[in-house]
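Below is input11.txt, which holds compact mmCIF, C-alpha atoms.
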# COMPACT_ATOMS: atom_id res chain seq x y z
CA MET Q 851 0.00 0.00 0.00
CA VAL Q 852 1.34 3.43 -0.94
CA ASP Q 853 1.84 5.77 1.98
CA GLY Q 854 1.14 9.38 0.98
CA PRO Q 855 0.01 11.22 -2.13
CA VAL Q 856 1.14 10.11 -5.60
CA VAL Q 857 1.79 12.06 -8.78
CA ALA Q 858 1.76 10.32 -12.19
CA VAL Q 859 3.56 11.94 -15.12
CA ARG Q 860 4.72 11.21 -18.65
CA GLY Q 861 8.21 12.15 -19.77
CA GLU Q 862 9.21 12.50 -23.44
CA ALA Q 863 12.28 13.36 -25.47
CA TYR Q 864 12.68 14.08 -29.17
CA ARG Q 865 15.98 14.23 -30.95
CA GLU Q 866 17.20 14.61 -34.52
CA VAL Q 867 20.59 12.99 -35.02
CA PRO Q 868 22.80 12.22 -38.03
CA PRO Q 869 22.30 8.75 -39.55
CA GLU Q 870 24.89 6.06 -38.92
CA LEU Q 871 24.09 3.65 -41.75
CA ALA Q 872 23.11 3.93 -45.42
CA ARG Q 873 21.63 0.97 -47.28
CA PHE Q 874 21.10 0.50 -50.99
CA THR Q 875 20.39 -2.39 -53.31
CA VAL Q 876 22.26 -3.29 -56.47
CA THR Q 877 20.59 -5.71 -58.87
CA ALA Q 878 22.28 -7.35 -61.86
CA THR Q 879 19.91 -8.45 -64.64
CA ALA Q 880 20.16 -10.46 -67.85
CA ARG Q 881 17.88 -11.38 -70.76
CA ASP Q 882 18.41 -13.75 -73.68
CA ARG Q 883 16.65 -16.41 -75.68
CA SER Q 884 19.00 -18.99 -74.20
CA ARG Q 885 18.70 -19.93 -70.55
CA GLU Q 886 22.37 -20.88 -70.44
CA ALA Q 887 23.34 -17.45 -71.80
CA VAL Q 888 21.24 -15.74 -69.15
CA LEU Q 889 22.89 -17.74 -66.37
CA SER Q 890 26.34 -17.03 -67.77
CA ARG Q 891 25.77 -13.29 -68.14
CA LEU Q 892 24.14 -13.08 -64.73
CA ALA Q 893 27.17 -14.77 -63.13
CA GLU Q 894 29.55 -12.41 -64.96
CA ARG Q 895 27.64 -9.28 -63.96
CA ALA Q 896 27.26 -10.40 -60.37
CA ALA Q 897 31.02 -11.08 -60.27
CA ALA Q 898 31.73 -7.57 -61.59
CA VAL Q 899 29.53 -6.12 -58.83
CA ARG Q 900 31.38 -8.20 -56.26
CA VAL Q 901 34.76 -6.91 -57.49
CA LEU Q 902 33.63 -3.31 -57.02
CA LEU Q 903 32.27 -4.05 -53.56
CA ASP Q 904 35.51 -5.82 -52.62
CA ALA Q 905 37.46 -2.71 -53.64
CA ALA Q 906 35.19 -0.56 -51.43
CA GLU Q 907 35.47 -2.91 -48.46
CA PRO Q 908 36.70 -0.30 -45.92
CA ALA Q 909 33.50 1.71 -46.43
CA VAL Q 910 31.15 -1.29 -46.64
CA ASP Q 911 29.84 -2.47 -43.28
CA ARG Q 912 28.06 -5.53 -44.68
CA ARG Q 913 26.53 -6.95 -47.84
CA GLU Q 914 23.87 -9.58 -48.25
CA THR Q 915 22.83 -11.40 -51.41
CA GLY Q 916 19.08 -11.38 -51.89
CA ASP Q 917 16.85 -13.26 -54.31
CA LEU Q 918 18.27 -15.02 -57.33
CA ARG Q 919 15.53 -15.20 -59.96
CA VAL Q 920 15.49 -16.90 -63.35
CA TRP Q 921 12.17 -17.11 -65.19
CA PRO Q 922 10.88 -17.75 -68.71
CA GLN Q 923 8.93 -15.35 -70.89
CA THR Q 924 6.27 -17.19 -72.86
CA ARG Q 925 3.94 -16.24 -75.66
CA ARG Q 926 0.50 -15.02 -74.70
CA SER Q 927 -0.98 -18.30 -75.88
CA GLY Q 928 0.73 -21.54 -75.04
CA GLU Q 929 3.92 -22.33 -73.17
CA ARG Q 930 6.49 -21.65 -75.84
CA VAL Q 931 9.43 -19.81 -74.28
CA VAL Q 932 10.53 -16.76 -76.26
CA ALA Q 933 13.13 -15.44 -73.81
CA TRP Q 934 14.69 -16.00 -70.40
CA HIS Q 935 15.17 -13.36 -67.72
CA GLY Q 936 17.36 -13.41 -64.65
CA SER Q 937 18.28 -11.14 -61.75
CA VAL Q 938 20.31 -11.27 -58.56
CA GLY Q 939 20.25 -8.55 -55.92
CA THR Q 940 22.62 -7.50 -53.17
CA THR Q 941 21.86 -5.22 -50.23
CA VAL Q 942 24.83 -3.10 -49.25
CA THR Q 943 25.24 -1.28 -45.94
CA VAL Q 944 27.73 1.59 -45.87
CA THR Q 945 29.12 3.53 -42.91
CA ASP Q 946 31.46 5.90 -44.79
CA PHE Q 947 29.11 8.38 -46.43
CA THR Q 948 31.95 10.21 -48.18
CA ALA Q 949 32.47 7.15 -50.39
CA LEU Q 950 28.78 6.35 -50.85
CA GLY Q 951 28.00 8.49 -53.89
CA GLU Q 952 31.07 7.38 -55.82
CA LEU Q 953 30.41 3.71 -55.03
CA MET Q 954 26.79 3.91 -56.19
CA LEU Q 955 27.82 5.63 -59.43
CA ARG Q 956 30.51 3.02 -60.13
CA LEU Q 957 27.97 0.25 -59.64
CA ALA Q 958 25.33 2.02 -61.73
CA ASP Q 959 27.86 2.32 -64.56
CA GLN Q 960 28.02 -1.47 -64.93
CA ASP Q 961 26.16 -3.18 -67.77
CA GLN Q 962 22.56 -4.13 -66.92
CA VAL Q 963 22.77 -3.14 -63.26
CA GLU Q 964 20.06 -1.34 -61.31
CA ILE Q 965 20.62 0.74 -58.16
CA ALA Q 966 18.00 1.73 -55.58
CA GLY Q 967 18.49 3.78 -52.43
CA PRO Q 968 20.05 4.86 -50.22
CA TRP Q 969 17.94 4.47 -47.10
CA TRP Q 970 19.34 6.03 -43.95
CA SER Q 971 19.10 4.64 -40.43
CA LEU Q 972 20.70 4.35 -37.01
CA ARG Q 973 22.29 1.24 -35.58
CA PRO Q 974 19.91 -0.70 -33.30
CA ASP Q 975 22.33 -0.13 -30.40
CA SER Q 976 23.02 3.50 -31.26
CA PRO Q 977 23.84 5.71 -28.24
CA ALA Q 978 21.19 8.10 -29.56
CA HIS Q 979 18.45 5.76 -28.30
CA ARG Q 980 19.97 5.58 -24.82
CA ASP Q 981 20.45 9.34 -24.68
CA ALA Q 982 16.79 9.88 -25.62
CA ARG Q 983 15.61 7.44 -22.94
CA HIS Q 984 17.73 9.20 -20.32
CA ALA Q 985 16.30 12.53 -21.44
CA ALA Q 986 12.74 11.17 -21.19
CA ILE Q 987 13.36 10.02 -17.61
CA ALA Q 988 14.82 13.40 -16.72
CA ASP Q 989 11.75 15.06 -18.25
CA ALA Q 990 9.42 12.88 -16.18
CA LEU Q 991 11.29 13.71 -12.98
CA ALA Q 992 11.28 17.43 -13.80
CA ARG Q 993 7.51 17.35 -14.39
CA ALA Q 994 6.90 15.52 -11.14
CA ARG Q 995 8.95 18.10 -9.26
CA GLU Q 996 7.04 20.94 -10.93
CA TYR Q 997 3.71 19.46 -9.83
CA ALA Q 998 5.00 18.84 -6.33
CA GLU Q 999 6.37 22.39 -6.02
CA ALA Q 1000 3.05 23.80 -7.19
CA LEU Q 1001 1.48 21.98 -4.25
CA GLY Q 1002 4.12 23.08 -1.78
CA ALA Q 1003 5.49 19.53 -1.63
CA ARG Q 1004 8.54 17.63 -2.84
CA VAL Q 1005 9.17 14.33 -4.61
CA THR Q 1006 10.14 11.65 -2.12
CA ALA Q 1007 10.32 8.33 -4.02
CA LEU Q 1008 9.83 6.57 -7.35
CA LEU Q 1009 7.04 4.01 -7.37
CA GLU Q 1010 6.95 2.91 -11.01
CA LEU Q 1011 8.68 3.60 -14.31
CA ALA Q 1012 7.46 2.22 -17.66
CA ASP Q 1013 8.97 2.65 -21.13
CA THR Q 1014 6.18 3.58 -23.56
CA GLY Q 1015 8.18 5.08 -26.40
CA PRO Q 1016 7.81 3.69 -29.94
CA ALA Q 1017 10.66 2.14 -31.87
CA PRO Q 1018 12.52 4.67 -34.03
CA GLN Q 1019 11.54 4.75 -37.69
CA PRO Q 1020 14.12 4.93 -40.49
CA MET Q 1021 14.13 7.93 -42.78
CA PHE Q 1022 14.65 8.00 -46.51
CA ALA Q 1023 17.19 9.66 -48.71
CA ARG Q 1024 17.38 12.87 -50.63
CA ALA Q 1025 19.88 12.72 -53.46
CA ALA Q 1026 20.99 15.21 -56.08
CA PHE Q 1027 23.60 15.28 -58.85
CA ALA Q 1028 26.37 17.74 -58.21
CA GLY Q 1029 26.92 20.51 -60.70
CA GLY Q 1030 30.17 21.02 -62.56
CA GLY Q 1031 31.02 17.34 -63.01
CA GLY Q 1032 30.30 14.65 -65.52
CA ALA Q 1033 30.90 14.53 -69.22
CA GLU Q 1034 30.40 18.25 -69.80
CA SER Q 1035 33.50 19.18 -67.77
CA GLY Q 1036 35.49 16.16 -68.92
CA GLY Q 1037 35.69 14.66 -65.42
CA PRO Q 1038 33.96 11.71 -63.80
CA PRO Q 1039 30.35 12.25 -62.70
CA GLU Q 1040 29.76 13.20 -59.09
CA LEU Q 1041 26.80 12.51 -56.86
CA ASP Q 1042 26.09 14.54 -53.73
CA LEU Q 1043 23.99 12.76 -51.12
CA ASP Q 1044 22.33 14.59 -48.24
CA PRO Q 1045 22.13 12.25 -45.22
CA GLN Q 1046 18.71 12.82 -43.72
CA PRO Q 1047 18.59 13.35 -39.93
CA GLN Q 1048 16.97 10.53 -37.99
CA SER Q 1049 14.15 11.23 -35.55
CA VAL Q 1050 14.55 9.54 -32.18
CA HIS Q 1051 11.67 9.54 -29.70
CA ALA Q 1052 11.55 8.12 -26.20
CA ALA Q 1053 8.68 8.23 -23.70
CA VAL Q 1054 8.19 6.96 -20.16
CA GLU Q 1055 5.36 6.95 -17.67
CA ALA Q 1056 6.31 7.32 -14.01
CA ARG Q 1057 4.62 7.46 -10.62
CA PHE Q 1058 6.23 9.26 -7.70
CA THR Q 1059 5.25 9.72 -4.09
CA ILE Q 1060 5.38 13.27 -2.79
CA SER Q 1061 5.31 14.80 0.64
CA GLU Q 1062 2.07 16.14 2.06
CA PRO Q 1063 0.89 19.14 -0.02
CA VAL Q 1064 0.42 22.55 1.53
CA LEU Q 1065 -3.08 23.42 0.37
CA GLY Q 1066 -3.84 26.31 2.65

Here is the file; what I need is its structure written in the form of structure tokens.
Amino acid sequence: MVDGPVVAVRGEAYREVPPELARFTVTATARDRSREAVLSRLAERAAAVRVLLDAAEPAVDRRETGDLRVWPQTRRSGERVVAWHGSVGTTVTVTDFTALGELMLRLADQDQVEIAGPWWSLRPDSPAHRDARHAAIADALARAREYAEALGARVTALLELADTGPAPQPMFARAAFAGGGGAESGGPPELDLDPQPQSVHAAVEARFTISEPVLG
């Protein structure tokens, strides 16, 4: 049984912090009337992608091969195969954003390769989440003290603390080609990427006991 009056409050914290990770997908494709030719070209193009990713290894945090797909294209009537299609995708996670634009352009310059992304995010164990939780607790304690002071009382003990904040949501990219580069100036193309700040939100609900209010 709780001895004395209780104040219940909600503490929140919002932060915008720089992203820590950038993810993009690179997909090699092939098409031919021969299934064997499709498989051969797909293997060659996937190997070329791998070589470029190997060269960028210091900036690449991880890479994961996704779906390998090979499927026939048939005529509208019947099952006669008129062509074969194939694709293999790789998801790449990069931590060095200074090398990200150049790497994506090098990959996009390969024959029959598609690039999508980047998508920005924080690491699951990012200190930004902990800092936001600490700030939310501090906010809850400050609110409890404000209510207690308004009543001529003071906070005496913590009864309960519950984390009610939602999981952080990843943000998406904004990309733009840089001016002054590319074929017009005779140099290699350049790609400027604007890492989008990540929103971090933490919330707690807390119950504190306070001393007897002065209501007179």

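Between CA of Gly916 in chain Q and CA of Arg900 in chain Q there is a distance of 13.4 Å.
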
Legend entry - d(CA of Phe874 in chain Q, CA of Val942 in chain Q) in Å: 5.5 Å

What are the closest atom pairs, with distances in Å to one decimal, for all residues of range 948-968 of chain Q lying within 10 Å of range 929-939 of chain Q? Consider all atoms listed in the file, order rows by chain and residue number, and present the result as JSON lines.
{"residue": "Q:Gln962", "atom": "CA", "partner": "Q:Ser937", "partner_atom": "CA", "distance": 9.7}
{"residue": "Q:Val963", "atom": "CA", "partner": "Q:Ser937", "partner_atom": "CA", "distance": 9.3}
{"residue": "Q:Glu964", "atom": "CA", "partner": "Q:Gly939", "partner_atom": "CA", "distance": 9.0}
{"residue": "Q:Ile965", "atom": "CA", "partner": "Q:Gly939", "partner_atom": "CA", "distance": 9.6}

Dump as a CSV table (one decimal), in the frame of the given file, selection limited to C-alpha atoms:
chain,number,residue,atom,x,y,z
Q,962,GLN,CA,22.6,-4.1,-66.9
Q,963,VAL,CA,22.8,-3.1,-63.3
Q,964,GLU,CA,20.1,-1.3,-61.3
Q,965,ILE,CA,20.6,0.7,-58.2

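The neighbours of Glu866 in chain Q here are the residues that come within 8 Å of it, using only C-alpha atoms and leaving out any residue fewer than 6 positions away in the same chain; they are Pro1047, Gln1048, Ser1049 and Val1050 of chain Q.
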
Inset, instruction - Tell me which of Q:Arg1004, Q:Asp989, Q:Thr875, Q:Ala1012 sits closest to Val1064 in chain Q, counting only C-alpha atoms. - result: Q:Arg1004

Legend entry - For Arg873 in chain Q, the nearest of the candidates Q:Arg925, Q:His979, Q:Arg973, Q:Arg891, counting only C-alpha atoms: Q:Arg973

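Restricting the calculation to all atoms listed in the file, the smallest distance between Ala1003 in chain Q and any of Q:Gly854, Q:Leu871, Q:Arg883, Q:Asp946 is found for Q:Gly854.
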